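> This one is coords_30.pdb, PDB, C-alpha atoms, pLDDT in the B column.
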MODEL        1
ATOM      1  CA  TYR W1311      95.917 100.657 101.692  1.00 78.00           C
ATOM      2  CA  VAL W1312      93.758 101.070 104.766  1.00 84.00           C
ATOM      3  CA  ALA W1313      94.231 104.841 104.871  1.00 85.00           C
ATOM      4  CA  TYR W1314      93.561 105.144 101.152  1.00 83.00           C
ATOM      5  CA  TYR W1315      90.369 103.099 101.343  1.00 88.00           C
ATOM      6  CA  ALA W1316      89.156 105.146 104.312  1.00 90.00           C
ATOM      7  CA  SER W1317      89.891 108.415 102.491  1.00 87.00           C
ATOM      8  CA  GLU W1318      87.945 107.261  99.432  1.00 88.00           C
ATOM      9  CA  PHE W1319      84.995 105.796 101.369  1.00 91.00           C
ATOM     10  CA  PRO W1320      84.913 107.560 104.779  1.00 87.00           C
ATOM     11  CA  SER W1321      81.202 106.905 105.312  1.00 88.00           C
ATOM     12  CA  GLU W1322      81.919 103.162 105.118  1.00 91.00           C
ATOM     13  CA  VAL W1323      84.559 103.221 107.872  1.00 93.00           C
ATOM     14  CA  SER W1324      83.773 103.452 111.594  1.00 92.00           C
ATOM     15  CA  GLY W1325      87.314 103.001 112.798  1.00 95.00           C
ATOM     16  CA  LEU W1326      90.832 102.083 111.790  1.00 95.00           C
ATOM     17  CA  VAL W1327      93.464  99.884 113.402  1.00 96.00           C
ATOM     18  CA  PHE W1328      97.002 100.219 112.099  1.00 95.00           C
ATOM     19  CA  VAL W1329      99.355  97.460 113.276  1.00 96.00           C
ATOM     20  CA  ASP W1330     102.901  98.732 112.763  1.00 93.00           C
ATOM     21  CA  GLY W1331     101.804 100.080 109.400  1.00 89.00           C
ATOM     22  CA  ARG W1332     104.021 102.346 107.350  1.00 85.00           C
ATOM     23  CA  PRO W1333     102.828 105.902 108.009  1.00 85.00           C
ATOM     24  CA  PRO W1334     102.201 108.222 105.055  1.00 81.00           C
ATOM     25  CA  GLY W1335     105.150 110.548 104.679  1.00 79.00           C
ATOM     26  CA  PHE W1336     107.656 108.053 106.047  1.00 81.00           C
ATOM     27  CA  ARG W1337     109.597 108.021 102.765  1.00 80.00           C
ATOM     28  CA  ASP W1338     109.929 111.819 102.809  1.00 82.00           C
ATOM     29  CA  SER W1339     111.160 111.682 106.408  1.00 85.00           C
ATOM     30  CA  CYS W1340     113.714 109.033 105.482  1.00 84.00           C
ATOM     31  CA  ASP W1341     114.938 111.226 102.622  1.00 84.00           C
ATOM     32  CA  ALA W1342     115.212 114.229 104.931  1.00 88.00           C
ATOM     33  CA  HIS W1343     117.290 112.180 107.397  1.00 85.00           C
ATOM     34  CA  GLY W1344     119.424 110.455 104.752  1.00 82.00           C
ATOM     35  CA  ILE W1345     118.187 106.961 105.547  1.00 79.00           C
ATOM     36  CA  GLN W1346     118.346 105.061 102.266  1.00 70.00           C
ATOM     37  CA  PHE W1347     116.426 101.894 103.137  1.00 68.00           C
ATOM     38  CA  CYS W1348     113.090 103.636 103.435  1.00 72.00           C
ATOM     39  CA  GLY W1349     113.719 106.647 101.218  1.00 65.00           C
ATOM     40  CA  SER W1350     113.245 107.450  97.557  1.00 67.00           C
ATOM     41  CA  ASN W1351     116.519 105.722  96.681  1.00 63.00           C
ATOM     42  CA  ALA W1352     115.365 102.374  98.036  1.00 58.00           C
ATOM     43  CA  ASN W1353     115.872 100.931  94.536  1.00 57.00           C
ATOM     44  CA  ASP W1354     119.473 100.191  95.456  1.00 63.00           C
ATOM     45  CA  LEU W1355     118.588  97.362  97.818  1.00 65.00           C
ATOM     46  CA  PRO W1356     121.085  94.654  98.674  1.00 68.00           C
ATOM     47  CA  SER W1357     120.968  91.790  96.171  1.00 74.00           C
ATOM     48  CA  ASN W1358     120.520  89.233  98.955  1.00 79.00           C
ATOM     49  CA  TRP W1359     117.211  90.700 100.196  1.00 71.00           C
ATOM     50  CA  PRO W1360     114.170  88.443  99.783  1.00 77.00           C
ATOM     51  CA  MET W1361     112.134  89.124  96.648  1.00 80.00           C
ATOM     52  CA  HIS W1362     108.931  89.752  98.641  1.00 76.00           C
ATOM     53  CA  ILE W1363     110.635  92.623 100.494  1.00 71.00           C
ATOM     54  CA  VAL W1364     111.972  94.077  97.238  1.00 73.00           C
ATOM     55  CA  ALA W1365     108.506  93.839  95.655  1.00 76.00           C
ATOM     56  CA  GLU W1366     106.865  95.411  98.707  1.00 72.00           C
ATOM     57  CA  LEU W1367     109.248  98.359  98.694  1.00 70.00           C
ATOM     58  CA  SER W1368     108.804  98.861  94.953  1.00 71.00           C
ATOM     59  CA  GLY W1369     105.029  99.111  95.279  1.00 72.00           C
ATOM     60  CA  MET W1370     105.192 101.172  98.433  1.00 70.00           C
ATOM     61  CA  ARG W1371     106.100 104.404  96.671  1.00 67.00           C
ATOM     62  CA  ALA W1372     102.791 104.490  94.806  1.00 68.00           C
ATOM     63  CA  SER W1373     100.628 103.343  97.702  1.00 69.00           C
ATOM     64  CA  GLU W1374     102.295 105.724 100.168  1.00 69.00           C
ATOM     65  CA  GLY W1375     101.689 108.645  97.841  1.00 64.00           C
ATOM     66  CA  ALA W1376      98.018 107.737  97.399  1.00 63.00           C
ATOM     67  CA  ALA W1377      97.464 107.241 101.133  1.00 62.00           C
ATOM     68  CA  GLY W1378      99.184 110.464 102.091  1.00 58.00           C
ATOM     69  CA  ALA W1379      96.978 112.490  99.779  1.00 57.00           C
ATOM     70  CA  GLY W1380      93.844 111.599 101.747  1.00 63.00           C
ATOM     71  CA  THR W1381      95.005 111.725 105.363  1.00 75.00           C
ATOM     72  CA  ALA W1382      93.213 115.005 106.085  1.00 82.00           C
ATOM     73  CA  ARG W1383      89.916 113.394 105.021  1.00 84.00           C
ATOM     74  CA  ILE W1384      90.286 110.583 107.580  1.00 89.00           C
ATOM     75  CA  ALA W1385      91.359 112.692 110.556  1.00 92.00           C
ATOM     76  CA  GLY W1386      87.900 112.451 112.137  1.00 92.00           C
ATOM     77  CA  ILE W1387      87.715 108.651 111.989  1.00 93.00           C
ATOM     78  CA  ARG W1388      88.617 106.994 115.278  1.00 94.00           C
ATOM     79  CA  ALA W1389      91.930 105.177 114.964  1.00 95.00           C
ATOM     80  CA  THR W1390      94.193 102.909 116.946  1.00 97.00           C
ATOM     81  CA  ILE W1391      97.851 102.907 116.002  1.00 97.00           C
ATOM     82  CA  ILE W1392      99.919 100.038 117.406  1.00 98.00           C
ATOM     83  CA  THR W1393     103.663 100.152 116.854  1.00 96.00           C
ATOM     84  CA  SER W1394     106.522  97.756 117.397  1.00 95.00           C
ATOM     85  CA  THR W1395     109.251  98.553 119.890  1.00 93.00           C
ATOM     86  CA  ARG W1396     112.018  96.264 118.639  1.00 91.00           C
ATOM     87  CA  ALA W1397     113.981  97.280 115.553  1.00 85.00           C
ATOM     88  CA  TRP W1398     114.636  94.850 112.751  1.00 72.00           C
ATOM     89  CA  SER W1399     117.886  94.727 110.786  1.00 62.00           C
ATOM     90  CA  GLY W1400     116.519  96.355 107.632  1.00 56.00           C
ATOM     91  CA  GLU W1401     115.872  99.667 109.355  1.00 57.00           C
ATOM     92  CA  GLU W1402     119.513 100.726 109.275  1.00 61.00           C
ATOM     93  CA  GLY W1403     119.868 100.579 113.027  1.00 69.00           C
ATOM     94  CA  ALA W1404     118.752 102.846 115.800  1.00 78.00           C
ATOM     95  CA  SER W1405     118.379 106.001 113.714  1.00 79.00           C
ATOM     96  CA  GLY W1406     115.993 104.338 111.225  1.00 83.00           C
ATOM     97  CA  PHE W1407     113.913 102.809 113.985  1.00 87.00           C
ATOM     98  CA  ALA W1408     113.786 106.062 115.955  1.00 89.00           C
ATOM     99  CA  LEU W1409     112.420 107.745 112.842  1.00 90.00           C
ATOM    100  CA  TRP W1410     109.872 104.929 112.466  1.00 89.00           C
ATOM    101  CA  LEU W1411     108.613 105.511 116.022  1.00 93.00           C
ATOM    102  CA  GLU W1412     108.560 109.281 115.541  1.00 93.00           C
ATOM    103  CA  GLN W1413     106.488 108.937 112.368  1.00 92.00           C
ATOM    104  CA  GLN W1414     104.105 106.472 114.019  1.00 94.00           C
ATOM    105  CA  GLU W1415     103.384 109.004 116.775  1.00 95.00           C
ATOM    106  CA  ALA W1416     103.022 111.866 114.288  1.00 93.00           C
ATOM    107  CA  PHE W1417     100.565 109.804 112.239  1.00 92.00           C
ATOM    108  CA  ALA W1418      98.521 109.058 115.369  1.00 94.00           C
ATOM    109  CA  ARG W1419      98.361 112.753 116.277  1.00 93.00           C
ATOM    110  CA  GLY W1420      96.784 113.404 112.869  1.00 91.00           C
ATOM    111  CA  PHE W1421      93.564 111.776 114.106  1.00 94.00           C
ATOM    112  CA  THR W1422      91.247 113.697 116.384  1.00 93.00           C
ATOM    113  CA  ARG W1423      90.222 110.468 118.182  1.00 92.00           C
ATOM    114  CA  HIS W1424      93.086 108.058 118.501  1.00 94.00           C
ATOM    115  CA  ARG W1425      94.859 105.572 120.728  1.00 95.00           C
ATOM    116  CA  PHE W1426      98.587 105.089 120.342  1.00 97.00           C
ATOM    117  CA  LEU W1427     100.092 101.923 121.760  1.00 97.00           C
ATOM    118  CA  ARG W1428     103.591 100.548 121.840  1.00 96.00           C
ATOM    119  CA  ALA W1429     103.651  96.755 121.629  1.00 97.00           C
ATOM    120  CA  GLU W1430     106.465  96.356 124.128  1.00 96.00           C
ATOM    121  CA  GLY W1431     109.037  93.793 123.023  1.00 94.00           C
ATOM    122  CA  ALA W1432     107.415  93.163 119.647  1.00 95.00           C
ATOM    123  CA  GLY W1433     109.139  93.481 116.304  1.00 91.00           C
ATOM    124  CA  HIS W1434     107.432  94.441 113.030  1.00 88.00           C
ATOM    125  CA  TYR W1435     105.151  91.387 113.078  1.00 91.00           C
ATOM    126  CA  VAL W1436     103.198  92.586 116.112  1.00 96.00           C
ATOM    127  CA  HIS W1437     100.126  90.629 115.015  1.00 96.00           C
ATOM    128  CA  HIS W1438     102.115  87.378 115.298  1.00 96.00           C
ATOM    129  CA  GLU W1439     104.019  88.253 118.446  1.00 96.00           C
ATOM    130  CA  GLN W1440     101.177  89.876 120.391  1.00 97.00           C
ATOM    131  CA  PRO W1441      97.908  88.703 118.819  1.00 97.00           C
ATOM    132  CA  THR W1442      95.991  89.174 122.068  1.00 97.00           C
ATOM    133  CA  LEU W1443      96.919  92.866 122.172  1.00 97.00           C
ATOM    134  CA  VAL W1444      95.832  93.366 118.567  1.00 98.00           C
ATOM    135  CA  ALA W1445      92.551  91.490 119.059  1.00 98.00           C
ATOM    136  CA  ARG W1446      91.817  93.408 122.276  1.00 97.00           C
ATOM    137  CA  GLU W1447      92.368  96.760 120.556  1.00 97.00           C
ATOM    138  CA  ILE W1448      90.207  95.831 117.575  1.00 96.00           C
ATOM    139  CA  ALA W1449      87.410  94.775 119.949  1.00 96.00           C
ATOM    140  CA  ALA W1450      87.771  97.999 121.968  1.00 95.00           C
ATOM    141  CA  LEU W1451      87.568 100.121 118.831  1.00 95.00           C
ATOM    142  CA  ILE W1452      84.457  98.266 117.677  1.00 94.00           C
ATOM    143  CA  ARG W1453      82.821  98.737 121.092  1.00 93.00           C
ATOM    144  CA  SER W1454      83.600 102.448 121.156  1.00 90.00           C
ATOM    145  CA  ALA W1455      82.277 102.893 117.598  1.00 87.00           C
ATOM    146  CA  ARG W1456      79.038 101.037 118.403  1.00 86.00           C
ATOM    147  CA  LEU W1457      78.480 102.981 121.604  1.00 82.00           C
ATOM    148  CA  GLY W1458      79.578 106.300 120.160  1.00 74.00           C
ATOM    149  CA  ILE W1459      82.159 106.689 122.920  1.00 65.00           C
ATOM    150  CA  SER W1460      84.673 109.493 122.499  1.00 57.00           C
ATOM    151  CA  ASP W1461      88.278 108.427 122.779  1.00 47.00           C
TER     152      ASP W1461
ENDMDL
END
Let me see the structure of the file written as structure tokens.


Amino acid sequence: YVAYYASEFPSEVSGLVFVDGRPPGFRDSCDAHGIQFCGSNANDLPSNWPMHIVAELSGMRASEGAAGAGTARIAGIRATIITSTRAWSGEEGASGFALWLEQQEAFARGFTRHRFLRAEGAGHYVHHEQPTLVAREIAALIRSARLGISD
């Protein structure tokens, strides 16, 4: 959603902070690596998964497609990408999480001015587990945008 908004209204956005957000193109990468959980065949989710996860994954296909279409338009906006470093069970183990990290780094490299940070020891809910890190990075991005500092 953040990437889509920025691509539609780039003059309204001074900077972006992604906190373990799903990178555009992640679904295609999952398909290419045969990882079902995050791929196009994610409809076949286990029946015991929480409904909010099922709903999120169902809506993700549309939002990921919309966000991916505008990534070239946001490349010049300064961005901070913070990623988790601890896998969670839904990622189909080490291979799914390795792909997650790879895609996070690739997404970061798509910005001409970016910071890429690994939230060491944090799982997907980085903002809950390391709120000070997230707040510090938001403040740093705001300062650099106000001062016109190159990253």

> Starting from 6 Å padding per side, set up an axis-aligned box that covers all listed atoms of segment 1408-1413 of chain W and hand over centre and edge lengths in Å, one decimal, as lines of an AutoDock Vina configuration file.


center_x = 110.1
center_y = 107.1
center_z = 114.2
size_x = 19.3
size_y = 16.4
size_z = 15.7

> Excluding same-chain residues fewer than 6 positions from Val1329 of chain W, what lies within 12 Å of it counting only C-alpha atoms, as an MDAnalysis selection string?

chainID W and resid 1312 1389:1395 1414 1418 1425:1429 1432:1441 1443:1445 1447:1448

> List as a PyMOL selection string the protein and nucleic acid residues near Ser1405 of chain W, meaning an atom at most 10 Å away when all atoms listed in the file are counted, but skip any in the same chain fewer than 6 places from it.

chain W and resi 1340+1343+1345+1397

> List every protein, DNA or RNA residue with an atom no more than 7 Å from (90.4, 106.3, 115.6) in the file's coordinates, counting all atoms listed in the file, and format the result as a list in words.

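In the file's frame, the residues around the point are Gly1325, Leu1326, Ile1387, Arg1388, Ala1389, Thr1390, Phe1421, Arg1423, His1424 and Arg1425 of chain W.
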
> What's the 12 Å shell around Ser1321 of chain W, counting all atoms listed in the file, without same-chain residues fewer than 5 positions away, as an MDAnalysis selection string?

chainID W and resid 1315:1316 1383:1384 1386:1387

> Specify as a ChimeraX atom specification each residue included when the PyMOL selection byres ((chain W and resi 1332) around 12) is applied to this file.

/W:1311-1313,1328-1331,1333-1337,1339-1340,1348,1366-1367,1370-1371,1373-1375,1377-1378,1391-1394,1407,1409-1418,1434

> Counting only C-alpha atoms, figure out which residue out of W:Gln1346, W:Thr1381, W:Ser1454, W:Thr1422 gets nearest to Ser1317 of chain W.

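The answer is W:Thr1381, which sits nearest to Ser1317 of chain W.
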